[in-house]
file coords10.txt (compact mmCIF, C-alpha atoms)
# COMPACT_ATOMS: atom_id res chain seq x y z
CA MET Z 1 0.00 0.00 0.00
CA ASP Z 2 1.67 3.18 -1.20
CA MET Z 3 0.70 6.29 0.74
CA ASP Z 4 1.80 9.26 -1.38
CA MET Z 5 1.69 12.40 0.73
CA GLY Z 6 2.04 14.65 -2.31
CA ASP Z 7 2.56 18.30 -1.44
CA MET Z 8 1.38 17.85 2.15
CA ASP Z 9 3.42 19.92 4.62
CA MET Z 10 4.89 17.57 7.26
CA SER Z 11 6.67 20.32 9.21
CA GLY Z 12 3.80 20.58 11.73
CA MET Z 13 4.07 16.95 12.78
CA SER Z 14 6.45 16.03 15.57
CA HIS Z 15 8.32 12.72 15.57
CA ALA Z 16 6.29 11.52 18.59
CA SER Z 17 2.94 11.78 16.79
CA VAL Z 18 3.91 9.61 13.81
CA MET Z 19 1.83 6.43 13.64
CA HIS Z 20 4.07 3.47 12.85
CA MET Z 21 2.66 0.70 10.70
CA VAL Z 22 5.37 -1.86 11.58
CA PHE Z 23 6.92 -2.84 14.87
CA GLN Z 24 9.87 -0.71 15.90
CA ASN Z 25 12.24 -0.75 18.85
CA SER Z 26 12.92 2.90 19.58
CA VAL Z 27 13.58 3.68 23.24
CA THR Z 28 12.07 7.13 22.74
CA THR Z 29 8.55 6.01 21.84
CA SER Z 30 5.91 8.15 23.55
CA LEU Z 31 3.38 6.40 25.78
CA TYR Z 32 -0.06 8.05 26.12
CA SER Z 33 1.25 11.62 25.60
CA ASP Z 34 4.26 13.59 24.39
CA SER Z 35 5.20 14.31 28.01
CA TRP Z 36 5.66 10.57 28.64
CA THR Z 37 8.50 10.06 26.18
CA PRO Z 38 11.48 8.18 27.61
CA LYS Z 39 14.73 10.00 26.87
CA THR Z 40 17.11 7.43 28.40
CA ALA Z 41 17.35 3.66 28.56
CA GLY Z 42 16.47 3.86 32.28
CA ALA Z 43 13.30 5.83 31.57
CA TYR Z 44 12.40 3.27 28.89
CA ALA Z 45 12.96 0.45 31.39
CA GLY Z 46 10.72 2.26 33.88
CA THR Z 47 7.99 2.49 31.24
CA ILE Z 48 8.37 -1.24 30.55
CA VAL Z 49 8.03 -1.99 34.28
CA PHE Z 50 4.89 0.19 34.40
CA LEU Z 51 3.35 -1.76 31.51
CA ILE Z 52 4.14 -5.09 33.19
CA ILE Z 53 2.46 -3.85 36.38
CA LEU Z 54 -0.51 -2.66 34.29
CA GLY Z 55 -0.88 -6.14 32.78
CA VAL Z 56 -0.72 -7.76 36.23
CA ALA Z 57 -3.27 -5.24 37.53
CA PHE Z 58 -5.63 -6.16 34.69
CA ARG Z 59 -5.53 -9.84 35.67
CA LEU Z 60 -5.91 -8.97 39.36
CA LEU Z 61 -9.02 -6.94 38.57
CA LEU Z 62 -10.51 -9.83 36.59
CA ALA Z 63 -9.82 -12.24 39.44
CA GLY Z 64 -11.20 -9.78 42.00
CA LYS Z 65 -14.40 -9.35 40.01
CA ALA Z 66 -14.84 -13.12 39.62
CA LEU Z 67 -14.39 -13.65 43.36
CA ALA Z 68 -16.81 -10.80 44.14
CA GLU Z 69 -19.42 -12.23 41.73
CA GLU Z 70 -19.10 -15.62 43.41
CA ARG Z 71 -19.49 -14.06 46.86
CA TRP Z 72 -22.52 -12.03 45.72
CA LEU Z 73 -24.17 -15.13 44.22
CA ASP Z 74 -23.55 -17.11 47.42
CA ALA Z 75 -25.11 -14.31 49.49
CA GLU Z 76 -28.10 -14.17 47.15
CA MET Z 77 -28.66 -17.91 47.42
CA LYS Z 78 -28.57 -17.71 51.23
CA ARG Z 79 -31.00 -14.80 51.34
CA ARG Z 80 -34.17 -15.47 53.31
CA TYR Z 81 -37.54 -14.84 51.72
CA VAL Z 82 -40.71 -13.84 53.54
CA VAL Z 83 -44.12 -15.30 52.74
CA VAL Z 84 -46.62 -12.59 51.84
CA GLN Z 85 -50.22 -12.96 53.00
CA GLY Z 86 -52.46 -14.12 50.19
CA LYS Z 87 -49.62 -15.81 48.27
CA LEU Z 88 -49.05 -19.55 48.16
CA PRO Z 89 -45.94 -20.78 49.97
CA VAL Z 90 -43.18 -22.06 47.70
CA ALA Z 91 -43.82 -25.70 48.71
CA GLU Z 92 -47.45 -25.42 47.59
CA GLN Z 93 -46.50 -23.58 44.39
CA VAL Z 94 -44.06 -26.36 43.53
CA SER Z 95 -46.54 -29.13 44.24
CA THR Z 96 -49.14 -27.54 41.93
CA ASP Z 97 -46.61 -26.68 39.18
CA SER Z 98 -47.15 -28.72 36.00
CA LEU Z 99 -43.39 -28.88 35.42
CA SER Z 100 -42.62 -30.42 38.82
CA LYS Z 101 -42.23 -34.18 39.17
CA ARG Z 102 -42.34 -36.35 42.28
CA MET Z 103 -39.28 -38.58 42.56
CA THR Z 104 -37.54 -40.72 45.10
CA LEU Z 105 -33.96 -39.88 46.00
CA THR Z 106 -31.90 -42.74 47.42
CA GLU Z 107 -28.55 -42.34 49.14
CA ASN Z 108 -26.84 -44.95 51.33
CA GLY Z 109 -30.06 -46.96 51.57
CA VAL Z 110 -32.14 -44.00 52.77
CA GLU Z 111 -35.03 -43.01 50.55
CA GLU Z 112 -36.55 -39.56 50.48
CA ASN Z 113 -39.45 -38.25 48.42
CA VAL Z 114 -38.51 -35.05 46.58
CA MET Z 115 -40.02 -32.68 44.03
CA VAL Z 116 -37.89 -31.94 40.97
CA VAL Z 117 -38.73 -28.60 39.37
CA GLN Z 118 -37.64 -27.62 35.90
CA LYS Z 119 -36.63 -24.01 35.35
CA THR Z 120 -38.46 -22.67 32.30
CA LYS Z 121 -36.92 -19.23 31.95
CA SER Z 122 -34.23 -17.17 33.57
CA HIS Z 123 -35.11 -14.33 35.85
CA PRO Z 124 -32.84 -11.31 36.09
CA ARG Z 125 -31.33 -10.72 39.48
CA PRO Z 126 -32.73 -7.69 41.29
CA TRP Z 127 -30.71 -4.47 41.41
CA ARG Z 128 -28.89 -4.23 44.74
CA MET Z 129 -27.23 -1.13 46.17
CA SER Z 130 -24.60 -3.30 47.86
CA VAL Z 131 -23.63 -5.11 44.64
CA ASP Z 132 -24.32 -3.22 41.41
CA PRO Z 133 -22.33 0.01 42.03
CA VAL Z 134 -19.29 -2.07 43.03
CA ARG Z 135 -19.74 -4.22 39.92
CA ALA Z 136 -19.94 -1.08 37.77
CA ILE Z 137 -16.76 0.34 39.32
CA LEU Z 138 -14.91 -2.94 38.77
CA ASP Z 139 -16.08 -3.13 35.14
CA THR Z 140 -15.02 0.48 34.53
CA CYS Z 141 -11.57 -0.16 36.02
CA ILE Z 142 -11.18 -3.33 33.93
CA ALA Z 143 -12.16 -1.43 30.77
CA GLY Z 144 -9.81 1.46 31.59
CA VAL Z 145 -6.80 -0.78 32.24
CA SER Z 146 -7.48 -2.85 29.12
CA TYR Z 147 -7.76 0.30 26.97
CA LEU Z 148 -4.50 1.65 28.39
CA SER Z 149 -2.83 -1.67 27.55
CA MET Z 150 -4.29 -1.54 24.04
CA LEU Z 151 -2.96 1.98 23.51
CA ALA Z 152 0.51 0.85 24.60
CA VAL Z 153 0.44 -1.99 22.07
CA MET Z 154 -0.79 0.40 19.35
CA THR Z 155 2.47 2.36 19.61
CA MET Z 156 3.95 -0.61 17.70
CA ASN Z 157 6.94 -0.60 20.06
CA VAL Z 158 8.25 -4.15 20.50
CA GLY Z 159 9.30 -3.52 24.10
CA TYR Z 160 5.89 -2.15 25.06
CA PHE Z 161 4.17 -5.06 23.31
CA ILE Z 162 6.29 -7.67 25.11
CA ALA Z 163 5.80 -5.84 28.43
CA VAL Z 164 2.00 -5.98 28.09
CA LEU Z 165 2.18 -9.68 27.20
CA GLY Z 166 4.60 -10.29 30.07
CA GLY Z 167 2.31 -8.55 32.55
CA THR Z 168 -0.64 -10.58 31.29
CA PHE Z 169 1.41 -13.77 31.66
CA ILE Z 170 2.57 -12.96 35.20
CA GLY Z 171 -0.92 -11.89 36.27
CA SER Z 172 -2.48 -15.05 34.86
CA LEU Z 173 0.22 -17.13 36.52
CA LEU Z 174 -0.55 -15.50 39.88
CA VAL Z 175 -4.37 -15.34 39.86
CA GLY Z 176 -5.60 -16.98 36.66
CA ARG Z 177 -7.17 -19.86 38.57
CA PHE Z 178 -9.68 -17.48 40.19
CA TYR Z 179 -11.58 -16.52 37.05
CA ARG Z 180 -12.81 -17.82 33.72
CA ALA Z 181 -11.16 -16.25 30.69
CA GLU Z 182 -13.98 -14.07 29.41
CA HIS Z 183 -11.89 -11.02 28.44

call {"tool": "encode", "arguments": {"input": "coords10.txt", "output": "structure tokens"}}
result
Amino acid sequence: MDMDMGDMDMSGMSHASVMHMVFQNSVTTSLYSDSWTPKTAGAYAGTIVFLIILGVAFRLLLAGKALAEERWLDAEMKRRYVVVQGKLPVAEQVSTDSLSKRMTLTENGVEENVMVVQKTKSHPRPWRMSVDPVRAILDTCIAGVSYLSMLAVMTMNVGYFIAVLGGTFIGSLLVGRFYRAEH
């Protein structure tokens, strides 16, 4: 793909704002703004360390959200429900439900009569002040960190790219067992 610039004046463009189309290994590649442009190898190494920490933080946030979701679901399942006057108790609703079936459950020689109920449709969980704002904050942080990682990779700097991958690897190694890979 040949991109002829013709008579276009390039004097207004600084070196830092040039979009590279191939990977490069310059130690003076800007990250996020012109003011974050490493001038020395040490500053470049510091930027690499930051990107590794950002990748680890991304995986920590995913694991934290998965653990929080599990805790919230456990709390919801343990929640007590109150019978309202005029409504049938759950046991009576189940026994009159056309989708419920009477069965016998046997374990270690002990038999117990049970009702098996088939779930026909999913019901959304209710909005909870103790859960949903925290979930929204976690999702926003996850999105922000992932976008910052994406912008680092889009600089097409090999060191930045490897640092993001390295941070993802280290984070997954540390806490990957706590969440399902959905991101």

call {"tool": "closest_residue", "arguments": {"input": "coords10.txt", "among": "Z:Tyr179, Z:Phe50, Z:Tyr44, Z:Tyr32", "to": "Leu62 (chain Z)", "atoms": "all atoms listed in the file"}}
result
Z:Tyr179

call {"tool": "residues_around", "arguments": {"input": "coords10.txt", "residues": "region 145-149 of chain Z", "least_positions_apart": "3", "cutoff": "9 Å", "atoms": "all atoms listed in the file", "output": "list in words"}}
result
Tyr32, Leu51, Leu54, Gly55, Ala57, Phe58, Thr140, Cys141, Ile142, Ala152, Val153, Met154, Phe161 and Val164 of chain Z

call {"tool": "residues_around", "arguments": {"input": "coords10.txt", "residues": "Thr28 (chain Z)", "least_positions_apart": "6", "cutoff": "6 Å", "atoms": "all atoms listed in the file", "output": "ChimeraX atom specification"}}
result
/Z:37-39

call {"tool": "closest_residue", "arguments": {"input": "coords10.txt", "among": "Z:Ser26, Z:Asn108, Z:Thr168, Z:Asn113", "to": "Ala41 (chain Z)", "atoms": "only C-alpha atoms"}}
result
Z:Ser26

call {"tool": "closest_residue", "arguments": {"input": "coords10.txt", "among": "Z:Ile170, Z:Leu61, Z:Val158, Z:Ala163", "to": "Ile137 (chain Z)", "atoms": "all atoms listed in the file"}}
result
Z:Leu61

call {"tool": "closest_residue", "arguments": {"input": "coords10.txt", "among": "Z:Asp74, Z:Val49, Z:Thr104, Z:Ala68", "to": "Gly167 (chain Z)", "atoms": "all atoms listed in the file"}}
result
Z:Val49

call {"tool": "closest_residue", "arguments": {"input": "coords10.txt", "among": "Z:Phe178, Z:Trp72, Z:Trp36, Z:Phe169", "to": "Ile52 (chain Z)", "atoms": "only C-alpha atoms"}}
result
Z:Phe169

call {"tool": "residues_near_point", "arguments": {"input": "coords10.txt", "point": "(-26.5, -7.5, 50.5)", "cutoff": "10 Å", "atoms": "all atoms listed in the file", "output": "ChimeraX atom specification"}}
result
/Z:72,75-76,79,128-131

call {"tool": "closest_residue", "arguments": {"input": "coords10.txt", "among": "Z:Leu105, Z:Arg59, Z:Thr155, Z:Met150", "to": "Thr29 (chain Z)", "atoms": "only C-alpha atoms"}}
result
Z:Thr155
